[in-house]
Amino acid sequence: MEKAIKRVIKRMKLKVRDMDSVPESYSSKVCSLVLENNEKVILKIPYNKDKLIKEYKMLQLLRGKLPTPQILDFWEGNDEISGALLLSYIDGKPVIDNINDKLAFQMGELLAKLHSAQIEREKLGKAYRLIHTDENEWWSIIKTWFENCAEECKDILDNELLNKSIKLFNLYYENLPRPDYPSVVHMDYRPGNILVKDSKIVGLVDFENVRIGSADVDFSKMKIYVWDQFTKTKKEFLNGYRKIRPLPDIERTLPFYVLFNTFTGVGWCVKREKINDSFYCENIIKLKDIIRISGI
């Protein structure tokens, strides 16, 4: 058992009978626990304290509005451990394959409900300053993230690939519409964070990267992991989304966000020294493909 997890279990006074890893978890430490009373729970130790606070407060905000885990216990952490969340177990599996039209429709509905969630500042408390972005700053913040990532990658990435990525980003940046603002955006809305059972969505997890920003940012990973692989799902996904709220201007923003997410995916691996990781290789392949198709 990992030392940090063991210490949190002791701190929360949990009587654990069994423990297992949670699939599709990459940044934070996440495991499922079976307690001595046979109750199944999820223990999460976020990568840093900001992620802890964001997830804690967002789950409070969304309780009863979306199928999210309930908070059973919370520890604010110390100098060695960022803190921890004990969450209710949702009986479902991450979406991995066999995404049909019906499930795609549900995924669109769920995303639209998230984007339509009322932003209650008093419930968010100190997390508000961590996730709020002014409308007129949204695109500039995205650009800053990209530029910081480029700086981190300059000694790792091939110079030609890096320079062409920057050039394409700047070309897209010049033609961006007004942000679809304000929305609660997940920032990692992908099949691995959506739980299903019996072909129905039963949960949405992992809110450590959540922000208040432009709704269209959450469509890029749907394109990469769903629409591009299951080509008939896009129409039903968008139909499900439109059922709840108007569609953002994704025709103009989606190529930009796909580039942004792919490039920052590379940067995520570089920052965490995981350049031999399969996720790094996947993003490098995607990035090269994006540049090739663009004709830059």
# chains A, B, ... in the order shown; residues from 1 in each chain; ligands from 1
>>> residues_around(residues="Glu55 in chain A", least_positions_apart="6", cutoff="8 Å", atoms="only C-alpha atoms", output="list in words")
Asp206, Phe207, Glu208, Asn209 and Val210 of chain A
>>> select_by_dssp(residues="range 190-260 of chain A", states="helix (DSSP H, G or I)", output="PDB file with C-alpha atoms, in the first residue's frame")
ATOM      1  CA  PRO A 191     -15.164   8.862 -21.651  1.00  0.00           C
ATOM      2  CA  GLY A 192     -12.847   7.822 -18.801  1.00  0.00           C
ATOM      3  CA  ASN A 193     -14.546  10.289 -16.451  1.00  0.00           C
ATOM      4  CA  ALA A 215     -18.391  26.032 -22.683  1.00  0.00           C
ATOM      5  CA  ASP A 216     -16.756  25.020 -25.963  1.00  0.00           C
ATOM      6  CA  VAL A 217     -13.516  23.948 -24.259  1.00  0.00           C
ATOM      7  CA  ASP A 218     -15.221  20.713 -23.141  1.00  0.00           C
ATOM      8  CA  PHE A 219     -15.951  19.484 -26.678  1.00  0.00           C
ATOM      9  CA  SER A 220     -12.394  18.789 -27.809  1.00  0.00           C
ATOM     10  CA  LYS A 221     -11.878  15.494 -25.963  1.00  0.00           C
ATOM     11  CA  MET A 222     -15.266  14.309 -27.172  1.00  0.00           C
ATOM     12  CA  LYS A 223     -14.020  14.828 -30.720  1.00  0.00           C
ATOM     13  CA  ILE A 224     -10.728  13.042 -30.057  1.00  0.00           C
ATOM     14  CA  TYR A 225     -12.012  10.085 -28.036  1.00  0.00           C
ATOM     15  CA  VAL A 226     -15.595   9.672 -29.305  1.00  0.00           C
ATOM     16  CA  TRP A 227     -16.505  11.346 -32.617  1.00  0.00           C
ATOM     17  CA  THR A 233     -21.988   9.563 -32.619  1.00  0.00           C
ATOM     18  CA  LYS A 234     -21.357  13.268 -33.214  1.00  0.00           C
ATOM     19  CA  LYS A 235     -24.865  14.031 -34.458  1.00  0.00           C
ATOM     20  CA  GLU A 236     -26.580  12.401 -31.484  1.00  0.00           C
ATOM     21  CA  PHE A 237     -24.152  13.953 -29.001  1.00  0.00           C
ATOM     22  CA  LEU A 238     -24.953  17.411 -30.349  1.00  0.00           C
ATOM     23  CA  ASN A 239     -28.683  16.618 -30.371  1.00  0.00           C
ATOM     24  CA  GLY A 240     -28.462  15.672 -26.700  1.00  0.00           C
ATOM     25  CA  TYR A 241     -26.590  18.869 -25.911  1.00  0.00           C
ATOM     26  CA  ARG A 242     -29.044  21.074 -27.832  1.00  0.00           C
ATOM     27  CA  LYS A 243     -31.910  19.554 -25.873  1.00  0.00           C
ATOM     28  CA  ILE A 244     -30.619  21.364 -22.787  1.00  0.00           C
ATOM     29  CA  ILE A 250     -17.590  24.824 -32.053  1.00  0.00           C
ATOM     30  CA  GLU A 251     -17.068  25.033 -35.812  1.00  0.00           C
ATOM     31  CA  ARG A 252     -14.705  27.941 -35.170  1.00  0.00           C
ATOM     32  CA  THR A 253     -13.229  26.863 -31.842  1.00  0.00           C
ATOM     33  CA  LEU A 254     -12.911  23.081 -32.026  1.00  0.00           C
ATOM     34  CA  PRO A 255      -9.741  22.932 -34.197  1.00  0.00           C
ATOM     35  CA  PHE A 256      -8.140  25.454 -31.836  1.00  0.00           C
ATOM     36  CA  TYR A 257      -9.033  23.467 -28.712  1.00  0.00           C
ATOM     37  CA  VAL A 258      -7.979  20.134 -30.206  1.00  0.00           C
ATOM     38  CA  LEU A 259      -4.542  21.614 -30.889  1.00  0.00           C
ATOM     39  CA  PHE A 260      -4.466  23.179 -27.413  1.00  0.00           C
TER      40      PHE A 260
END
>>> residues_around(residues="Leu14 in chain A", least_positions_apart="2", cutoff="10 Å", atoms="only C-alpha atoms", output="ChimeraX atom specification")
/A:6,8-12,16-17,33-36
>>> write_last_selection(atoms="C-alpha atoms", output="mmCIF file, in the first residue's frame")
data_model
loop_
_atom_site.group_PDB
_atom_site.id
_atom_site.type_symbol
_atom_site.label_atom_id
_atom_site.label_comp_id
_atom_site.auth_asym_id
_atom_site.auth_seq_id
_atom_site.Cartn_x
_atom_site.Cartn_y
_atom_site.Cartn_z
ATOM 1 C CA LYS A 6 -1.933 4.400 4.212
ATOM 2 C CA VAL A 8 -4.768 9.071 5.011
ATOM 3 C CA ILE A 9 -6.628 5.853 5.845
ATOM 4 C CA LYS A 10 -5.209 6.052 9.365
ATOM 5 C CA ARG A 11 -6.042 9.749 9.658
ATOM 6 C CA MET A 12 -9.646 9.193 8.586
ATOM 7 C CA VAL A 16 -10.324 -1.229 5.410
ATOM 8 C CA ARG A 17 -10.855 -4.820 4.338
ATOM 9 C CA LEU A 33 -11.769 0.752 -0.660
ATOM 10 C CA VAL A 34 -13.994 -1.922 0.790
ATOM 11 C CA LEU A 35 -14.568 -1.204 4.469
ATOM 12 C CA GLU A 36 -15.095 -3.838 7.144
#
>>> residues_around(residues="Cys281 in chain A", least_positions_apart="4", cutoff="12 Å", atoms="only C-alpha atoms", output="tab-separated table (two decimals) with C-alpha atoms, in the first residue's frame")
chain	number	residue	atom	x	y	z
A	157	LEU	CA	10.17	18.61	-28.52
A	262	THR	CA	-3.06	17.80	-27.60
A	263	PHE	CA	-0.12	20.17	-27.10
A	265	GLY	CA	-1.14	16.85	-23.09
A	266	VAL	CA	2.47	16.64	-24.25
A	267	GLY	CA	3.37	19.37	-21.78
A	269	CYS	CA	3.91	14.55	-19.54
A	270	VAL	CA	7.03	16.71	-19.80
A	274	LYS	CA	6.66	11.01	-18.16
A	275	ILE	CA	8.04	11.31	-21.68
A	276	ASN	CA	8.31	7.52	-21.94
A	277	ASP	CA	4.63	7.21	-21.07
A	285	ILE	CA	1.35	11.28	-32.86
A	286	LYS	CA	-1.83	13.38	-32.69
A	287	LEU	CA	0.14	16.62	-32.70
A	288	LYS	CA	2.10	15.59	-35.79
>>> atom_distance(atom1="CA of Leu87 in chain A", atom2="CA of Ile99 in chain A")
26.8 Å
>>> closest_residue(among="A:Val95, A:Ile81, A:Ala117, A:Val22", to="Arg190 in chain A", atoms="only C-alpha atoms")
A:Val95
>>> select_by_dssp(residues="range 103-266 of chain A", states="strand (DSSP E)", output="PyMOL selection string")
chain A and resi 183-185+194-197+200-204+211-213
>>> closest_atom_pairs(of="range 100-152 of chain A", to="range 167-170 of chain A", cutoff="10 Å", atoms="only C-alpha atoms", output="CSV")
residue,atom,partner,partner_atom,distance
A:Lys143,CA,A:Phe169,CA,8.6
A:Phe146,CA,A:Phe169,CA,8.6
A:Glu147,CA,A:Phe169,CA,9.9
>>> atom_distance(atom1="CA of Lys65 in chain A", atom2="CA of Asn98 in chain A")
27.0 Å
>>> atom_distance(atom1="CA of Asn100 in chain A", atom2="CA of Ser199 in chain A")
9.2 Å
>>> closest_residue(among="A:Ile142, A:Ile45, A:Ile212, A:Met19", to="Leu130 in chain A", atoms="only C-alpha atoms")
A:Ile212
>>> closest_residue(among="A:Leu103, A:Ile53, A:Ile296, A:Val41", to="Asp198 in chain A", atoms="only C-alpha atoms")
A:Leu103
>>> decode(residues="range 83-119 of chain A", atoms="C-alpha atoms", output="CSV table (one decimal), in the first residue's frame")
chain,number,residue,atom,x,y,z
A,83,GLY,CA,-5.2,16.5,1.5
A,84,ALA,CA,-7.8,13.9,0.7
A,85,LEU,CA,-11.4,13.3,-0.2
A,86,LEU,CA,-13.5,10.3,0.8
A,87,LEU,CA,-16.2,9.9,-1.8
A,88,SER,CA,-19.3,7.7,-2.3
A,89,TYR,CA,-18.9,4.8,-4.7
A,90,ILE,CA,-20.8,5.0,-7.9
A,91,ASP,CA,-21.7,1.6,-9.3
A,92,GLY,CA,-20.6,2.0,-12.9
A,93,LYS,CA,-17.7,1.6,-15.2
A,94,PRO,CA,-15.8,4.2,-17.2
A,95,VAL,CA,-16.9,4.5,-20.9
A,96,ILE,CA,-14.2,2.6,-22.8
A,97,ASP,CA,-15.7,1.4,-26.1
A,98,ASN,CA,-18.9,0.5,-27.8
A,99,ILE,CA,-20.3,4.1,-27.7
A,100,ASN,CA,-23.6,4.0,-29.6
A,101,ASP,CA,-25.9,6.8,-30.6
A,102,LYS,CA,-28.0,6.4,-27.4
A,103,LEU,CA,-25.0,6.8,-25.1
A,104,ALA,CA,-23.7,9.7,-27.2
A,105,PHE,CA,-27.0,11.5,-26.7
A,106,GLN,CA,-26.8,11.0,-23.0
A,107,MET,CA,-23.2,12.3,-23.0
A,108,GLY,CA,-24.3,15.4,-24.8
A,109,GLU,CA,-27.2,16.0,-22.3
A,110,LEU,CA,-24.8,15.5,-19.3
A,111,LEU,CA,-22.3,18.0,-20.6
A,112,ALA,CA,-25.1,20.6,-21.3
A,113,LYS,CA,-26.4,20.2,-17.8
A,114,LEU,CA,-22.9,20.8,-16.4
A,115,HIS,CA,-22.6,23.9,-18.5
A,116,SER,CA,-26.0,25.1,-17.3
A,117,ALA,CA,-25.3,24.6,-13.6
A,118,GLN,CA,-26.0,27.8,-11.6
A,119,ILE,CA,-22.8,29.3,-10.3
